[in-house]
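**Q** I am sharing final-v1.txt, which consists of compact mmCIF, N, CA and C atoms:
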```txt
# COMPACT_ATOMS: atom_id res chain seq x y z
N MET C 416 91.19 108.25 75.24
CA MET C 416 91.24 106.81 75.41
C MET C 416 92.62 106.28 75.05
N THR C 417 93.28 106.85 74.05
CA THR C 417 94.61 106.40 73.65
C THR C 417 95.60 106.60 74.77
N ARG C 418 95.53 107.74 75.46
CA ARG C 418 96.44 108.02 76.56
C ARG C 418 96.26 107.00 77.69
N PHE C 419 95.00 106.70 78.04
CA PHE C 419 94.71 105.71 79.07
C PHE C 419 95.25 104.34 78.66
N TRP C 420 95.04 103.95 77.43
CA TRP C 420 95.49 102.64 76.96
C TRP C 420 97.01 102.54 77.03
N GLY C 421 97.72 103.61 76.67
CA GLY C 421 99.18 103.61 76.76
C GLY C 421 99.66 103.45 78.19
N THR C 422 99.00 104.12 79.13
CA THR C 422 99.34 103.99 80.55
C THR C 422 99.07 102.57 81.02
N TYR C 423 97.92 102.04 80.63
CA TYR C 423 97.55 100.69 81.00
C TYR C 423 98.59 99.68 80.50
N GLN C 424 99.03 99.84 79.24
CA GLN C 424 100.04 98.95 78.68
C GLN C 424 101.36 99.06 79.45
N LEU C 425 101.73 100.29 79.84
CA LEU C 425 102.96 100.50 80.61
C LEU C 425 102.88 99.77 81.93
N LEU C 426 101.76 99.88 82.63
CA LEU C 426 101.62 99.21 83.92
C LEU C 426 101.61 97.69 83.77
N LEU C 427 101.06 97.18 82.69
CA LEU C 427 101.08 95.75 82.45
C LEU C 427 102.49 95.27 82.09
N ALA C 428 103.26 96.10 81.40
CA ALA C 428 104.60 95.72 80.98
C ALA C 428 105.62 95.84 82.10
N LEU C 429 105.34 96.64 83.12
CA LEU C 429 106.30 96.87 84.19
C LEU C 429 106.78 95.59 84.87
N PRO C 430 105.89 94.65 85.23
CA PRO C 430 106.40 93.44 85.87
C PRO C 430 107.35 92.64 84.97
N VAL C 431 107.14 92.71 83.67
CA VAL C 431 107.98 91.99 82.73
C VAL C 431 109.40 92.57 82.73
N SER C 432 109.52 93.87 83.01
CA SER C 432 110.83 94.51 82.99
C SER C 432 111.65 94.22 84.24
N LEU C 433 111.05 93.58 85.23
CA LEU C 433 111.76 93.24 86.46
C LEU C 433 112.39 91.86 86.32
N VAL C 434 113.54 91.69 86.92
CA VAL C 434 114.22 90.40 86.88
C VAL C 434 114.02 89.73 88.23
N SER C 435 113.44 88.56 88.24
CA SER C 435 113.16 87.86 89.48
C SER C 435 114.22 86.79 89.75
N LEU C 436 114.68 86.73 91.00
CA LEU C 436 115.65 85.73 91.42
C LEU C 436 115.11 84.97 92.61
N GLY C 437 114.91 83.68 92.48
CA GLY C 437 114.52 82.84 93.60
C GLY C 437 113.26 83.26 94.33
N GLY C 438 112.15 83.32 93.69
CA GLY C 438 110.89 83.60 94.35
C GLY C 438 110.61 85.08 94.47
N SER C 439 110.74 85.64 95.71
CA SER C 439 110.31 87.02 95.91
C SER C 439 111.46 88.02 95.93
N THR C 440 112.68 87.60 95.71
CA THR C 440 113.80 88.53 95.66
C THR C 440 113.83 89.19 94.30
N LEU C 441 113.84 90.52 94.28
CA LEU C 441 113.78 91.24 93.02
C LEU C 441 115.03 92.09 92.82
N VAL C 442 115.51 92.14 91.61
CA VAL C 442 116.63 92.99 91.25
C VAL C 442 116.12 93.93 90.16
N TYR C 443 116.42 95.20 90.30
CA TYR C 443 115.93 96.19 89.35
C TYR C 443 117.07 96.68 88.49
N LYS C 444 116.78 96.89 87.22
CA LYS C 444 117.82 97.32 86.28
C LYS C 444 118.21 98.78 86.49
N ASP C 445 117.25 99.67 86.72
CA ASP C 445 117.53 101.10 86.83
C ASP C 445 116.59 101.70 87.87
N THR C 446 117.06 101.84 89.11
CA THR C 446 116.18 102.25 90.20
C THR C 446 115.90 103.74 90.24
N ASP C 447 116.60 104.57 89.47
CA ASP C 447 116.38 106.00 89.52
C ASP C 447 115.53 106.53 88.38
N LYS C 448 115.19 105.73 87.43
CA LYS C 448 114.48 106.20 86.24
C LYS C 448 112.98 106.32 86.53
N VAL C 449 112.43 107.50 86.26
CA VAL C 449 110.99 107.72 86.41
C VAL C 449 110.34 107.42 85.06
N LEU C 450 109.49 106.40 85.05
CA LEU C 450 108.80 106.00 83.82
C LEU C 450 107.50 106.77 83.62
N TRP C 451 106.89 107.15 84.73
CA TRP C 451 105.62 107.87 84.69
C TRP C 451 105.68 108.93 85.77
N GLU C 452 105.64 110.20 85.37
CA GLU C 452 105.79 111.33 86.29
C GLU C 452 104.69 111.33 87.35
N LEU C 453 104.96 112.00 88.45
CA LEU C 453 104.04 112.13 89.57
C LEU C 453 102.69 112.69 89.12
N ARG C 454 101.61 111.96 89.46
CA ARG C 454 100.26 112.38 89.09
C ARG C 454 99.30 112.09 90.24
N ASN C 455 98.25 112.89 90.31
CA ASN C 455 97.20 112.64 91.31
C ASN C 455 96.45 111.38 90.92
N VAL C 456 96.11 110.58 91.93
CA VAL C 456 95.31 109.37 91.71
C VAL C 456 94.18 109.35 92.73
N SER C 457 93.20 108.54 92.48
CA SER C 457 92.03 108.43 93.36
C SER C 457 92.40 107.76 94.67
N SER C 458 91.84 108.29 95.75
CA SER C 458 92.09 107.68 97.06
C SER C 458 91.29 106.38 97.22
N SER C 459 90.45 106.06 96.25
CA SER C 459 89.66 104.84 96.34
C SER C 459 90.26 103.68 95.53
N SER C 460 91.41 103.90 94.89
CA SER C 460 92.00 102.81 94.10
C SER C 460 92.47 101.68 95.03
N GLY C 461 92.36 100.47 94.53
CA GLY C 461 92.73 99.30 95.33
C GLY C 461 94.18 99.29 95.75
N ASN C 462 95.09 99.64 94.83
CA ASN C 462 96.51 99.65 95.17
C ASN C 462 96.81 100.71 96.23
N MET C 463 96.17 101.87 96.13
CA MET C 463 96.38 102.92 97.12
C MET C 463 95.90 102.46 98.49
N LYS C 464 94.76 101.79 98.54
CA LYS C 464 94.23 101.30 99.82
C LYS C 464 95.19 100.30 100.45
N GLN C 465 95.78 99.43 99.62
CA GLN C 465 96.77 98.48 100.14
C GLN C 465 97.98 99.23 100.71
N CYS C 466 98.43 100.25 99.99
CA CYS C 466 99.59 101.03 100.44
C CYS C 466 99.28 101.76 101.73
N LEU C 467 98.10 102.32 101.86
CA LEU C 467 97.73 103.03 103.08
C LEU C 467 97.59 102.07 104.24
N TRP C 468 97.01 100.90 104.01
CA TRP C 468 96.92 99.88 105.06
C TRP C 468 98.33 99.51 105.53
N PHE C 469 99.24 99.28 104.58
CA PHE C 469 100.62 98.95 104.91
C PHE C 469 101.27 100.08 105.70
N ALA C 470 101.08 101.33 105.26
CA ALA C 470 101.68 102.49 105.94
C ALA C 470 101.20 102.57 107.39
N MET C 471 99.93 102.33 107.62
CA MET C 471 99.41 102.39 108.99
C MET C 471 99.92 101.24 109.84
N GLN C 472 100.10 100.06 109.24
CA GLN C 472 100.70 98.94 109.99
C GLN C 472 102.11 99.33 110.44
N GLU C 473 102.88 99.91 109.53
CA GLU C 473 104.26 100.34 109.85
C GLU C 473 104.25 101.46 110.87
N TYR C 474 103.36 102.42 110.71
CA TYR C 474 103.28 103.53 111.66
C TYR C 474 103.01 103.00 113.06
N ASN C 475 101.99 102.16 113.20
CA ASN C 475 101.62 101.63 114.51
C ASN C 475 102.70 100.74 115.10
N LYS C 476 103.39 100.00 114.26
CA LYS C 476 104.48 99.14 114.74
C LYS C 476 105.63 99.99 115.29
N ASP C 477 105.95 101.08 114.61
CA ASP C 477 107.09 101.94 115.01
C ASP C 477 106.73 102.96 116.09
N SER C 478 105.45 103.26 116.26
CA SER C 478 105.02 104.27 117.22
C SER C 478 105.23 103.79 118.65
N ARG C 479 105.65 104.70 119.51
CA ARG C 479 105.82 104.38 120.93
C ARG C 479 104.54 104.62 121.71
N ASP C 480 103.52 105.11 121.04
CA ASP C 480 102.23 105.35 121.69
C ASP C 480 101.64 104.02 122.15
N LYS C 481 100.88 104.04 123.23
CA LYS C 481 100.27 102.82 123.77
C LYS C 481 98.98 102.45 123.05
N PHE C 482 98.51 103.35 122.17
CA PHE C 482 97.27 103.13 121.45
C PHE C 482 97.55 103.08 119.95
N PHE C 483 96.65 102.37 119.24
CA PHE C 483 96.72 102.34 117.79
C PHE C 483 96.20 103.65 117.21
N PHE C 484 96.71 104.02 116.03
CA PHE C 484 96.21 105.15 115.26
C PHE C 484 95.53 104.60 114.01
N GLN C 485 94.57 105.36 113.49
CA GLN C 485 93.93 105.00 112.23
C GLN C 485 93.69 106.25 111.41
N VAL C 486 93.46 106.05 110.13
CA VAL C 486 93.25 107.16 109.20
C VAL C 486 91.88 107.77 109.43
N VAL C 487 91.86 109.12 109.52
CA VAL C 487 90.61 109.87 109.64
C VAL C 487 90.20 110.38 108.26
N LYS C 488 91.19 110.90 107.50
CA LYS C 488 90.89 111.45 106.19
C LYS C 488 92.12 111.38 105.31
N VAL C 489 91.92 111.03 104.06
CA VAL C 489 93.00 111.08 103.05
C VAL C 489 92.84 112.39 102.31
N TRP C 490 93.86 113.22 102.35
CA TRP C 490 93.80 114.54 101.72
C TRP C 490 94.23 114.51 100.27
N GLN C 491 95.30 113.79 99.97
CA GLN C 491 95.81 113.76 98.59
C GLN C 491 96.62 112.49 98.39
N VAL C 492 96.53 111.95 97.18
CA VAL C 492 97.33 110.80 96.80
C VAL C 492 97.95 111.07 95.44
N GLN C 493 99.24 110.87 95.35
CA GLN C 493 99.94 110.98 94.07
C GLN C 493 100.74 109.70 93.87
N MET C 494 100.98 109.37 92.60
CA MET C 494 101.72 108.16 92.27
C MET C 494 102.68 108.45 91.14
N GLN C 495 103.83 107.82 91.20
CA GLN C 495 104.74 107.82 90.06
C GLN C 495 105.21 106.38 89.86
N VAL C 496 105.66 106.10 88.65
CA VAL C 496 106.16 104.77 88.33
C VAL C 496 107.65 104.87 88.08
N THR C 497 108.42 104.10 88.84
CA THR C 497 109.86 103.95 88.61
C THR C 497 110.07 102.47 88.34
N ASP C 498 110.86 101.82 89.16
CA ASP C 498 110.99 100.38 89.10
C ASP C 498 109.88 99.71 89.90
N ARG C 499 108.99 100.53 90.44
CA ARG C 499 107.84 100.09 91.24
C ARG C 499 106.80 101.21 91.18
N LEU C 500 105.65 100.99 91.76
CA LEU C 500 104.67 102.05 91.94
C LEU C 500 105.04 102.77 93.22
N GLU C 501 105.11 104.09 93.19
CA GLU C 501 105.45 104.87 94.37
C GLU C 501 104.29 105.80 94.68
N TYR C 502 103.70 105.60 95.86
CA TYR C 502 102.55 106.38 96.28
C TYR C 502 102.98 107.39 97.35
N PHE C 503 102.56 108.64 97.16
CA PHE C 503 102.76 109.71 98.13
C PHE C 503 101.38 110.02 98.69
N ILE C 504 101.17 109.69 99.96
CA ILE C 504 99.84 109.78 100.56
C ILE C 504 99.87 110.80 101.69
N ASP C 505 99.03 111.83 101.58
CA ASP C 505 98.86 112.81 102.65
C ASP C 505 97.57 112.45 103.37
N ALA C 506 97.68 112.14 104.67
CA ALA C 506 96.51 111.69 105.42
C ALA C 506 96.54 112.24 106.84
N GLU C 507 95.35 112.41 107.37
CA GLU C 507 95.19 112.78 108.77
C GLU C 507 94.90 111.50 109.53
N ILE C 508 95.64 111.28 110.61
CA ILE C 508 95.44 110.09 111.43
C ILE C 508 95.12 110.52 112.85
N SER C 509 94.51 109.61 113.61
CA SER C 509 94.13 109.93 114.98
C SER C 509 94.27 108.70 115.87
N ARG C 510 94.54 108.97 117.14
CA ARG C 510 94.63 107.90 118.15
C ARG C 510 93.24 107.29 118.32
N THR C 511 93.21 105.97 118.52
CA THR C 511 91.95 105.26 118.75
C THR C 511 91.85 104.84 120.21
N ASN C 512 90.79 104.16 120.54
CA ASN C 512 90.60 103.64 121.89
C ASN C 512 91.22 102.26 122.07
N CYS C 513 91.91 101.74 121.07
CA CYS C 513 92.49 100.39 121.14
C CYS C 513 93.94 100.44 121.61
N ARG C 514 94.19 99.75 122.71
CA ARG C 514 95.56 99.64 123.21
C ARG C 514 96.34 98.63 122.37
N LYS C 515 97.65 98.84 122.33
CA LYS C 515 98.52 97.89 121.63
C LYS C 515 98.76 96.69 122.55
N LEU C 516 97.98 95.66 122.33
CA LEU C 516 98.10 94.42 123.09
C LEU C 516 98.27 93.28 122.09
N PRO C 517 98.86 92.16 122.53
CA PRO C 517 99.02 91.03 121.59
C PRO C 517 97.71 90.60 120.94
N ASN C 518 96.61 90.63 121.68
CA ASN C 518 95.30 90.25 121.14
C ASN C 518 94.45 91.49 120.93
N GLY C 519 95.06 92.57 120.42
CA GLY C 519 94.40 93.87 120.29
C GLY C 519 93.08 93.80 119.55
N ASN C 520 92.14 94.61 120.00
CA ASN C 520 90.82 94.72 119.38
C ASN C 520 90.95 95.41 118.04
N LYS C 521 90.33 94.90 117.02
CA LYS C 521 90.40 95.50 115.68
C LYS C 521 89.23 96.44 115.41
N ASN C 522 88.29 96.55 116.36
CA ASN C 522 87.15 97.46 116.20
C ASN C 522 87.44 98.74 116.97
N CYS C 523 88.38 99.51 116.46
CA CYS C 523 88.85 100.70 117.16
C CYS C 523 88.02 101.91 116.77
N VAL C 524 87.88 102.84 117.71
CA VAL C 524 87.15 104.08 117.50
C VAL C 524 88.09 105.24 117.78
N VAL C 525 88.06 106.26 116.95
CA VAL C 525 88.90 107.44 117.13
C VAL C 525 88.47 108.19 118.39
N LYS C 526 89.45 108.65 119.15
CA LYS C 526 89.20 109.42 120.37
C LYS C 526 89.07 110.89 120.00
N ASN C 527 87.86 111.43 120.02
CA ASN C 527 87.62 112.81 119.58
C ASN C 527 87.53 113.82 120.72
N THR C 528 87.01 113.43 121.84
CA THR C 528 86.72 114.44 122.86
C THR C 528 87.28 114.07 124.24
N SER C 529 88.41 113.45 124.28
CA SER C 529 88.97 113.11 125.58
C SER C 529 90.40 113.61 125.67
N ARG C 530 90.98 113.45 126.83
CA ARG C 530 92.38 113.86 127.00
C ARG C 530 93.31 112.97 126.18
N LEU C 531 92.80 111.84 125.69
CA LEU C 531 93.60 110.94 124.85
C LEU C 531 93.62 111.35 123.39
N GLU C 532 92.81 112.36 123.03
CA GLU C 532 92.75 112.76 121.63
C GLU C 532 94.11 113.22 121.14
N LYS C 533 94.51 112.70 120.00
CA LYS C 533 95.76 113.12 119.35
C LYS C 533 95.59 112.91 117.86
N ARG C 534 95.85 113.96 117.10
CA ARG C 534 95.78 113.90 115.64
C ARG C 534 97.11 114.30 115.04
N GLN C 535 97.40 113.71 113.88
CA GLN C 535 98.62 114.04 113.16
C GLN C 535 98.32 114.10 111.67
N MET C 536 99.05 114.97 110.99
CA MET C 536 99.06 114.99 109.52
C MET C 536 100.31 114.24 109.10
N CYS C 537 100.14 113.26 108.25
CA CYS C 537 101.26 112.43 107.84
C CYS C 537 101.38 112.39 106.32
N THR C 538 102.61 112.30 105.88
CA THR C 538 102.91 112.00 104.49
C THR C 538 103.64 110.68 104.48
N PHE C 539 103.08 109.71 103.79
CA PHE C 539 103.69 108.40 103.64
C PHE C 539 104.14 108.25 102.20
N TRP C 540 105.35 107.77 102.02
CA TRP C 540 105.88 107.47 100.69
C TRP C 540 106.09 105.98 100.67
N VAL C 541 105.23 105.27 99.95
CA VAL C 541 105.23 103.80 99.94
C VAL C 541 105.57 103.30 98.54
N GLY C 542 106.56 102.42 98.47
CA GLY C 542 106.90 101.74 97.22
C GLY C 542 106.16 100.42 97.18
N ALA C 543 105.64 100.07 96.02
CA ALA C 543 104.82 98.86 95.95
C ALA C 543 104.98 98.13 94.62
N LEU C 544 104.98 96.83 94.74
CA LEU C 544 104.79 95.92 93.61
C LEU C 544 103.61 95.04 94.03
N PRO C 545 102.39 95.58 93.96
CA PRO C 545 101.25 94.88 94.53
C PRO C 545 101.00 93.50 93.94
N TRP C 546 101.38 93.28 92.69
CA TRP C 546 101.18 91.97 92.06
C TRP C 546 102.12 90.93 92.66
N HIS C 547 103.16 91.37 93.42
CA HIS C 547 104.04 90.45 94.14
C HIS C 547 103.78 90.49 95.65
N GLY C 548 102.86 91.34 96.09
CA GLY C 548 102.60 91.51 97.52
C GLY C 548 103.74 92.21 98.23
N TYR C 549 104.49 93.01 97.50
CA TYR C 549 105.67 93.70 98.05
C TYR C 549 105.33 95.17 98.33
N PHE C 550 105.57 95.61 99.57
CA PHE C 550 105.38 97.00 99.97
C PHE C 550 106.57 97.39 100.85
N THR C 551 107.01 98.63 100.68
CA THR C 551 108.08 99.13 101.53
C THR C 551 107.81 100.59 101.86
N MET C 552 108.10 100.96 103.12
CA MET C 552 107.95 102.35 103.54
C MET C 552 109.23 103.06 103.14
N MET C 553 109.13 103.95 102.18
CA MET C 553 110.30 104.66 101.70
C MET C 553 110.58 105.89 102.59
N LYS C 554 109.51 106.49 103.09
CA LYS C 554 109.66 107.62 104.00
C LYS C 554 108.31 107.90 104.65
N LYS C 555 108.35 108.37 105.90
CA LYS C 555 107.12 108.83 106.53
C LYS C 555 107.47 110.04 107.38
N GLN C 556 106.54 110.99 107.38
CA GLN C 556 106.74 112.21 108.15
C GLN C 556 105.40 112.61 108.72
N CYS C 557 105.33 112.80 110.04
CA CYS C 557 104.08 113.16 110.70
C CYS C 557 104.31 114.33 111.64
N VAL C 558 103.32 115.22 111.71
CA VAL C 558 103.36 116.34 112.64
C VAL C 558 102.03 116.42 113.36
N ASP C 559 102.07 116.81 114.63
CA ASP C 559 100.85 116.97 115.41
C ASP C 559 100.02 118.13 114.89
N VAL C 560 98.69 117.96 114.94
CA VAL C 560 97.78 119.05 114.56
C VAL C 560 96.88 119.39 115.71
```
Take the structure in the file and give it back as structure tokens.
**A**
Amino acid sequence: MTRFWGTYQLLLALPVSLVSLGGSTLVYKDTDKVLWELRNVSSSSGNMKQCLWFAMQEYNKDSRDKFFFQVVKVWQVQMQVTDRLEYFIDAEISRTNCRKLPNGNKNCVVKNTSRLEKRQMCTFWVGALPWHGYFTMMKKQCVDV
């Protein structure tokens, strides 16, 4: 319980250590310092879900595919604390039946048995300050499976 409480206090103190300038612009004192080493975290945590949602928004925005992709399975999630929360998410994604249109349908279904089927294994590295609504894609790497 003591170890958990210490981690909890660190996460609560982290926003205080950030210097805020004019609303949402943030300046960090030491961007290379790891405060909490890389550890496995639950794929059901709220912050991780926000990071994965953000990662998929970025993936679909940058993808040249005519269809949206969505997560099929989360394989592993790790997090470290630096000047932000950094999530390393390994996930399997797949093409859906939803075309990228301005009024795109949000009720997408994964294409499993057609010529449109396409799956990828992706690693997303997302930096987050969820209490400020700040997310950034630090790196993404996907390979076809």
**Q** How would you write, as a list of chain:residue names, the set of residues in stretch 496-547 of chain C that DSSP gives as strand (DSSP E or B)?
**A**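 Filtering stretch 496-547 of chain C down to strand (DSSP E or B) leaves C:Val496, C:Leu500, C:Glu501, C:Tyr502, C:Phe503, C:Ile504, C:Asp505, C:Ala506, C:Glu507, C:Ile508, C:Ser509, C:Arg510, C:Thr511, C:Asn512, C:Cys513, C:Arg514, C:Val525, C:Arg534, C:Gln535, C:Met536, C:Cys537, C:Thr538, C:Phe539, C:Trp540, C:Val541, C:Gly542, C:Ala543, C:Leu544.
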**Q** Between atom CA of C:Pro545 and atom C of C:Met463, measure the distance and give it in Å to one decimal.
**A**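 Between these atoms lies a distance of 10.1 Å.
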**Q** Residues at most 8 Å from C:Ala470, counting only N, CA and C atoms, excluding those fewer than 6 positions away in the same chain, as an mmCIF file with N, CA and C atoms, keeping the file's coordinate frame?
**A**
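The resulting file, out.cif, is shown below:
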```
data_model
loop_
_atom_site.group_PDB
_atom_site.id
_atom_site.type_symbol
_atom_site.label_atom_id
_atom_site.label_comp_id
_atom_site.auth_asym_id
_atom_site.auth_seq_id
_atom_site.Cartn_x
_atom_site.Cartn_y
_atom_site.Cartn_z
ATOM 1 N N LYS C 464 94.760 101.790 98.540
ATOM 2 C CA LYS C 464 94.230 101.300 99.820
ATOM 3 C C LYS C 464 95.190 100.300 100.450
ATOM 4 N N LYS C 476 103.390 100.000 114.260
ATOM 5 C CA LYS C 476 104.480 99.140 114.740
ATOM 6 C C LYS C 476 105.630 99.990 115.290
ATOM 7 N N PHE C 539 103.080 109.710 103.790
ATOM 8 C CA PHE C 539 103.690 108.400 103.640
ATOM 9 C C PHE C 539 104.140 108.250 102.200
ATOM 10 N N TRP C 540 105.350 107.770 102.020
ATOM 11 C CA TRP C 540 105.880 107.470 100.690
ATOM 12 C C TRP C 540 106.090 105.980 100.670
ATOM 13 N N VAL C 541 105.230 105.270 99.950
ATOM 14 C CA VAL C 541 105.230 103.800 99.940
ATOM 15 C C VAL C 541 105.570 103.300 98.540
ATOM 16 N N THR C 551 107.010 98.630 100.680
ATOM 17 C CA THR C 551 108.080 99.130 101.530
ATOM 18 C C THR C 551 107.810 100.590 101.860
ATOM 19 N N MET C 552 108.100 100.960 103.120
ATOM 20 C CA MET C 552 107.950 102.350 103.540
ATOM 21 C C MET C 552 109.230 103.060 103.140
#
```
**Q** Take atom CA of C:Ala543 and atom CA of C:Asp477 and report the distance between them in Å, one decimal.
**A**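 So the answer is 19.4 Å.
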**Q** Determine the nearest neighbour of C:Trp451 from the options C:Gln535, C:Val524, C:Met494, C:Leu516, counting only N, CA and C atoms.
**A**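 Under the stated criterion, the closest residue is C:Met494.
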**Q** Near C:Ala506, counting only N, CA and C atoms, which residues have an atom at most 5 Å away, once you skip same-chain residues fewer than 5 positions from it, shown as a VMD selection string?
**A** chain C and resid 488 to 490 536 to 537
**Q** Can you work out the spacing between atom C of C:Cys513 and atom C of C:Phe482 in Å, to one decimal?
**A**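 Spanning atom C of C:Cys513 to atom C of C:Phe482 is a straight-line distance of 4.8 Å.
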**Q** Contacts of C:Leu467 at 8 Å or less, counting only N, CA and C atoms, minus same-chain residues fewer than 5 places along, as a list in words?
**A**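 These residues fall inside the cut-off: Gly461, Asn462, Gln472, Glu473, Ile504 and Val541 of chain C.
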**Q** Once all heavy atoms are restored for stretch 476-484 of chain C, what would the output be as a PDB file, in the frame of the given file?
**A**
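Contents of rebuild.pdb, as written:
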```
ATOM      1  N   LYS C 476     103.390 100.000 114.260  1.00  0.00           N
ATOM      2  CA  LYS C 476     104.480  99.140 114.740  1.00  0.00           C
ATOM      3  C   LYS C 476     105.630  99.990 115.290  1.00  0.00           C
ATOM      4  O   LYS C 476     106.195  99.673 116.339  1.00  0.00           O
ATOM      5  CB  LYS C 476     104.984  98.253 113.589  1.00  0.00           C
ATOM      6  CG  LYS C 476     106.085  97.291 113.989  1.00  0.00           C
ATOM      7  CD  LYS C 476     106.457  96.386 112.833  1.00  0.00           C
ATOM      8  CE  LYS C 476     107.203  97.198 111.786  1.00  0.00           C
ATOM      9  NZ  LYS C 476     107.725  96.395 110.685  1.00  0.00           N
ATOM     10  N   ASP C 477     105.950 101.080 114.610  1.00  0.00           N
ATOM     11  CA  ASP C 477     107.090 101.940 115.010  1.00  0.00           C
ATOM     12  C   ASP C 477     106.730 102.960 116.090  1.00  0.00           C
ATOM     13  O   ASP C 477     107.624 103.465 116.765  1.00  0.00           O
ATOM     14  CB  ASP C 477     107.635 102.687 113.793  1.00  0.00           C
ATOM     15  CG  ASP C 477     108.239 101.746 112.764  1.00  0.00           C
ATOM     16  OD1 ASP C 477     108.538 100.579 113.110  1.00  0.00           O
ATOM     17  OD2 ASP C 477     108.413 102.178 111.609  1.00  0.00           O
ATOM     18  N   SER C 478     105.450 103.260 116.260  1.00  0.00           N
ATOM     19  CA  SER C 478     105.020 104.270 117.220  1.00  0.00           C
ATOM     20  C   SER C 478     105.230 103.790 118.650  1.00  0.00           C
ATOM     21  O   SER C 478     104.984 102.624 118.976  1.00  0.00           O
ATOM     22  CB  SER C 478     103.540 104.584 117.009  1.00  0.00           C
ATOM     23  OG  SER C 478     103.034 105.341 118.079  1.00  0.00           O
ATOM     24  N   ARG C 479     105.650 104.700 119.510  1.00  0.00           N
ATOM     25  CA  ARG C 479     105.820 104.380 120.930  1.00  0.00           C
ATOM     26  C   ARG C 479     104.540 104.620 121.710  1.00  0.00           C
ATOM     27  O   ARG C 479     104.484 104.384 122.911  1.00  0.00           O
ATOM     28  CB  ARG C 479     106.954 105.211 121.515  1.00  0.00           C
ATOM     29  CG  ARG C 479     108.290 104.816 120.961  1.00  0.00           C
ATOM     30  CD  ARG C 479     109.408 105.566 121.614  1.00  0.00           C
ATOM     31  NE  ARG C 479     110.665 105.141 121.021  1.00  0.00           N
ATOM     32  CZ  ARG C 479     111.810 105.697 121.283  1.00  0.00           C
ATOM     33  NH1 ARG C 479     111.892 106.698 122.132  1.00  0.00           N
ATOM     34  NH2 ARG C 479     112.901 105.251 120.700  1.00  0.00           N
ATOM     35  N   ASP C 480     103.520 105.110 121.040  1.00  0.00           N
ATOM     36  CA  ASP C 480     102.230 105.350 121.690  1.00  0.00           C
ATOM     37  C   ASP C 480     101.640 104.020 122.150  1.00  0.00           C
ATOM     38  O   ASP C 480     101.843 102.994 121.503  1.00  0.00           O
ATOM     39  CB  ASP C 480     101.278 106.046 120.702  1.00  0.00           C
ATOM     40  CG  ASP C 480     100.151 106.764 121.398  1.00  0.00           C
ATOM     41  OD1 ASP C 480      99.231 106.070 121.883  1.00  0.00           O
ATOM     42  OD2 ASP C 480     100.190 108.000 121.468  1.00  0.00           O
ATOM     43  N   LYS C 481     100.880 104.040 123.230  1.00  0.00           N
ATOM     44  CA  LYS C 481     100.270 102.820 123.770  1.00  0.00           C
ATOM     45  C   LYS C 481      98.980 102.450 123.050  1.00  0.00           C
ATOM     46  O   LYS C 481      98.436 101.377 123.275  1.00  0.00           O
ATOM     47  CB  LYS C 481     100.000 102.991 125.265  1.00  0.00           C
ATOM     48  CG  LYS C 481     101.259 103.087 126.083  1.00  0.00           C
ATOM     49  CD  LYS C 481     100.956 103.254 127.542  1.00  0.00           C
ATOM     50  CE  LYS C 481     102.266 103.392 128.317  1.00  0.00           C
ATOM     51  NZ  LYS C 481     102.036 103.570 129.749  1.00  0.00           N
ATOM     52  N   PHE C 482      98.510 103.350 122.170  1.00  0.00           N
ATOM     53  CA  PHE C 482      97.270 103.130 121.450  1.00  0.00           C
ATOM     54  C   PHE C 482      97.550 103.080 119.950  1.00  0.00           C
ATOM     55  O   PHE C 482      98.501 103.656 119.462  1.00  0.00           O
ATOM     56  CB  PHE C 482      96.266 104.257 121.742  1.00  0.00           C
ATOM     57  CG  PHE C 482      95.771 104.270 123.156  1.00  0.00           C
ATOM     58  CD1 PHE C 482      96.485 104.929 124.144  1.00  0.00           C
ATOM     59  CD2 PHE C 482      94.599 103.625 123.505  1.00  0.00           C
ATOM     60  CE1 PHE C 482      96.041 104.950 125.451  1.00  0.00           C
ATOM     61  CE2 PHE C 482      94.142 103.641 124.812  1.00  0.00           C
ATOM     62  CZ  PHE C 482      94.868 104.300 125.790  1.00  0.00           C
ATOM     63  N   PHE C 483      96.650 102.370 119.240  1.00  0.00           N
ATOM     64  CA  PHE C 483      96.720 102.340 117.790  1.00  0.00           C
ATOM     65  C   PHE C 483      96.200 103.650 117.210  1.00  0.00           C
ATOM     66  O   PHE C 483      95.352 104.305 117.809  1.00  0.00           O
ATOM     67  CB  PHE C 483      95.872 101.195 117.207  1.00  0.00           C
ATOM     68  CG  PHE C 483      96.495  99.849 117.367  1.00  0.00           C
ATOM     69  CD1 PHE C 483      96.001  98.951 118.303  1.00  0.00           C
ATOM     70  CD2 PHE C 483      97.570  99.465 116.583  1.00  0.00           C
ATOM     71  CE1 PHE C 483      96.568  97.701 118.451  1.00  0.00           C
ATOM     72  CE2 PHE C 483      98.142  98.214 116.722  1.00  0.00           C
ATOM     73  CZ  PHE C 483      97.640  97.337 117.665  1.00  0.00           C
ATOM     74  N   PHE C 484      96.710 104.020 116.030  1.00  0.00           N
ATOM     75  CA  PHE C 484      96.210 105.150 115.260  1.00  0.00           C
ATOM     76  C   PHE C 484      95.530 104.600 114.010  1.00  0.00           C
ATOM     77  O   PHE C 484      95.874 103.522 113.539  1.00  0.00           O
ATOM     78  CB  PHE C 484      97.364 106.074 114.849  1.00  0.00           C
ATOM     79  CG  PHE C 484      97.807 107.003 115.940  1.00  0.00           C
ATOM     80  CD1 PHE C 484      98.469 106.527 117.057  1.00  0.00           C
ATOM     81  CD2 PHE C 484      97.559 108.366 115.846  1.00  0.00           C
ATOM     82  CE1 PHE C 484      98.877 107.381 118.060  1.00  0.00           C
ATOM     83  CE2 PHE C 484      97.966 109.233 116.847  1.00  0.00           C
ATOM     84  CZ  PHE C 484      98.626 108.744 117.962  1.00  0.00           C
TER      85      PHE C 484
END
```
